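In what follows, a single structure is set out as structure tokens and then discussed.
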Amino acid sequence: MFKEKIAQAVGILEEKNIDMWLTFVRESEVIRDPCLDLILGANCTWQSAFIIIKTGKTIAIVGSLDHERIKLTGLYADIREYIGKFGDSLISVLEEIKPNKIALNTSKNDFMADGLTHGLYELLMEYTSGTSYENRFISSEEIISALRGRKSPTELERIRKSIELTEEIYKKVYGFMAPGKTEKDVADFILSLVSENNVTTAWEENSCPAVFTGPESAGAHADPTKRVIKKGHVLNIDFGVKKDDYCSDIQRTWYFLRDGETEAPPEVRRGFQTIIDSVQLAANAIKPGMKGCDIDDVARNYIVSKGYPEYPHALGHQVGRSAHDGAGILAPRWDRYGNTPYLPIEVGQVYTIEPRLPIEGYGVATTEEMIVVTEDGHEWLSHPQKEIFLAG
């Protein structure tokens, strides 16, 4: 997989006419640049640079005791070992390659592209001070956005496997839940299944799964509580696993039948159908080259047209090695999202679609599906929930 991503990176550099991408790290087990998970898969102790050049050449500058570890990865054809001074080795490489644009992992908008610490940035400025390279640094944001977003075949297969396991766990949860159990009971049951399958949750266990039941629940991103499931509640679960380093992120919704009911009340069905319709409309609208904010408009405007309030978050986000991955996002034009809603949607990106709306007196209607962007539009990765699940 690392070879796939490095090959992709070379193509992206050529596409964007950037001569060199430089990832500069130290003590990476403690302070880890997220890019190492794509281009190295190992840690290093001393100041180290991993350099990818648009011609296809790869260079690593590493301390002497890190040399063998990096060599064993088989990813960098040219490994420069230093003992005393990193700066001299770096300048030697720059003089050899003579890049006009050197991309560094700094970004105002994409946290995945902001792995260079301020201290290391200052060191780079010291090393290049007085040289012709000190003013050639640019952000690697557009490189990393493309690299994280455009899933390789191996990455996409791993995501599919994570989704498959998540859906299997959801099926088992269906038979466990019942009135009288608590949100925490449900979460603990799910976590026991995660452990049985020797995987981890897609984000921190405290809130993965998130379980929220009834009209006064804490809601999304909150930890499960001792709130009791009752008949007449709408219950949601937000959950995913990380399997072979890749994540899923799926939400499902249930209604707990009251005595004598054989289906959910009309207002519950109407709210959930509005969600299902908005998810399908958004998925149908997705095309490569469109902006994420335009897709958010589709679902948001539809929900509002049905008399419900706007959901207070983005419609969807990318998923990959983490549950929130990649720069582009299906989001409204809010300051909190920076420039990310305006980035073009690209083939190979994996997105969630997750609108929500309140159903007064019952809870929240929501579902979260996963798609991959294709040349013609999208392919479902999860199996979309088409109707509210009934439990009793």
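By order in the structure tokens, chains are A, B, ...; within a chain, residues start at 1; ligands start at 1, following the order shown.
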Near region 360-372 of chain A, 9 Å: region 237-341 of chain A residue rows, closest pairs, only C-alpha atoms, as a Markdown table:
```
| residue | atom | partner | partner_atom | distance |
| --- | --- | --- | --- | --- |
| A:Ile237 | CA | A:Thr367 | CA | 8.9 |
| A:Asp238 | CA | A:Glu368 | CA | 8.0 |
| A:Ser248 | CA | A:Met370 | CA | 8.0 |
| A:Asp249 | CA | A:Glu368 | CA | 7.4 |
| A:Ile250 | CA | A:Glu368 | CA | 4.9 |
| A:Gln251 | CA | A:Glu368 | CA | 4.5 |
| A:Arg252 | CA | A:Thr367 | CA | 5.2 |
| A:Thr253 | CA | A:Thr366 | CA | 6.4 |
| A:Trp254 | CA | A:Ala365 | CA | 8.9 |
| A:Tyr255 | CA | A:Tyr362 | CA | 8.7 |
| A:Glu267 | CA | A:Glu360 | CA | 8.6 |
| A:Val268 | CA | A:Tyr362 | CA | 7.6 |
| A:Gly271 | CA | A:Ala365 | CA | 6.3 |
| A:Phe272 | CA | A:Ala365 | CA | 5.3 |
| A:Gln273 | CA | A:Ala365 | CA | 8.9 |
| A:Thr274 | CA | A:Ala365 | CA | 8.8 |
| A:Ile275 | CA | A:Thr366 | CA | 6.3 |
| A:Ile276 | CA | A:Thr367 | CA | 7.6 |
| A:Val279 | CA | A:Glu369 | CA | 8.1 |
| A:Ala283 | CA | A:Ile371 | CA | 8.0 |
| A:Gly316 | CA | A:Glu368 | CA | 8.5 |
| A:Val319 | CA | A:Met370 | CA | 8.5 |
```
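Residues in contact with region 223-233 of chain A at 8 Å, where only C-alpha atoms are counted and same-chain residues fewer than 4 positions away are skipped, are listed as Ala178, Pro179, Gly180, Lys181, Thr182, Glu183, Lys184, Asp185, Ala187, Asn206, Ser207, Cys208, Pro209, Ala210, Val211, Phe212, Thr213, Gly214, Pro215, Ser217, Tyr255, Phe256, Leu257, Arg258, Asp259, Tyr362, Gly363 and Gly392 of chain A.
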* Could you tell me which of A:Asp78, A:Asp114, A:Glu168, A:Glu134 comes closest to Pro99 (chain A) if we count only C-alpha atoms? =>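 Among the listed residues, the smallest separation from Pro99 (chain A) belongs to A:Glu134.
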* **For CA of Ser92 (chain A) and CA of Arg80 (chain A), the interatomic separation in Å (one decimal)** => 10.1 Å
* **region 108-318 of chain A: residues DSSP assigns to strand (DSSP E or B), reported as JSON, numbers by chain** => {"A": [137, 138, 139, 179, 181, 182, 200, 201, 210, 211, 212, 213, 228, 234, 235, 236, 237, 238, 239, 241, 242, 243, 246, 247, 250, 251, 252, 253, 254, 255, 256, 291, 316, 317, 318]}
* Smallest atom-to-atom distance to Cys35 (chain A): which of A:Cys293, A:Met20, A:Ala327, A:Ala113, using only C-alpha atoms? ->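 Smallest distance to Cys35 (chain A) is found for A:Ala113.
Look at Met177 (chain A): the protein and nucleic acid residues within 8 Å of it, using only C-alpha atoms and passing over chain neighbours fewer than 4 places away, are Val173, Lys181, Val186 and Ala391 of chain A.
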Can you write out the residues you just picked, keeping N, CA and C atoms, as a CSV table (one decimal), in the first residue's frame?
```csv
chain,number,residue,atom,x,y,z
A,173,VAL,N,-26.6,-6.1,17.2
A,173,VAL,CA,-27.1,-5.1,18.1
A,173,VAL,C,-28.7,-5.1,18.1
A,181,LYS,N,-33.1,-1.3,28.9
A,181,LYS,CA,-31.6,-1.2,28.8
A,181,LYS,C,-31.2,0.3,28.6
A,186,VAL,N,-26.0,-0.7,25.7
A,186,VAL,CA,-25.9,-1.0,24.2
A,186,VAL,C,-24.5,-0.8,23.8
A,391,ALA,N,-38.2,-1.8,16.8
A,391,ALA,CA,-37.9,-2.7,17.9
A,391,ALA,C,-38.9,-2.6,19.0
```
Go through region 298-353 of chain A and flag each residue having an atom no more than 12 Å from region 38-48 of chain A; for those, report the closest pair of atoms plus their distance in Å to one decimal, using only C-alpha atoms, ordered by chain and rising number, as a tab-separated table.
```
residue	atom	partner	partner_atom	distance
A:Gly320	CA	A:Leu38	CA	10.8
A:Arg321	CA	A:Leu38	CA	9.0
A:Ser322	CA	A:Leu38	CA	12.0
```
Resulting file, chosen residues, C-alpha atoms, as a PDB file, in the first residue's frame:
```pdb
ATOM      1  CA  GLY A 320      -9.895   6.685   5.336  1.00  0.00           C
ATOM      2  CA  ARG A 321      -7.198   5.904   7.854  1.00  0.00           C
ATOM      3  CA  SER A 322      -9.233   7.975  10.292  1.00  0.00           C
TER       4      SER A 322
END
```
* **Contact residues around Tyr76 (chain A) with only C-alpha atoms at 12 Å, ignoring same-chain residues under 6 positions, as a PyMOL selection string** => chain A and resi 2-3+6-7+39-40+49-53+56-62+67-70
* **Residue nearest Tyr133 (chain A) - candidates A:Arg356, A:His313, A:Arg300, A:Lys98, atoms counted: only C-alpha atoms** =>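 The shortest atom-to-atom distance to Tyr133 (chain A) comes from A:Lys98.
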* What does the distance between CA of Asp19 (chain A) and CA of Ser132 (chain A) come to in Å, to one decimal place? -> 14.9 Å
* Write out as an MDAnalysis selection string the residues lying within 10 Å of Leu13 (chain A), counting only C-alpha atoms and excluding same-chain residues fewer than 2 positions away. => chainID A and resid 8:11 15:21 52:56 103 140 142:143
* Asked: Can you tell me how far CA of Glu4 (chain A) sits from CA of Glu157 (chain A), in Å to one decimal?
  ->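 CA of Glu157 (chain A) lies 13.4 Å from CA of Glu4 (chain A).
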* Kindly indicate which residue among A:Tyr246, A:Lys172, A:Gly289, A:Ile102 lies nearest to Arg136 (chain A), using only C-alpha atoms for the distances. =>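 The shortest atom-to-atom distance to Arg136 (chain A) comes from A:Ile102.
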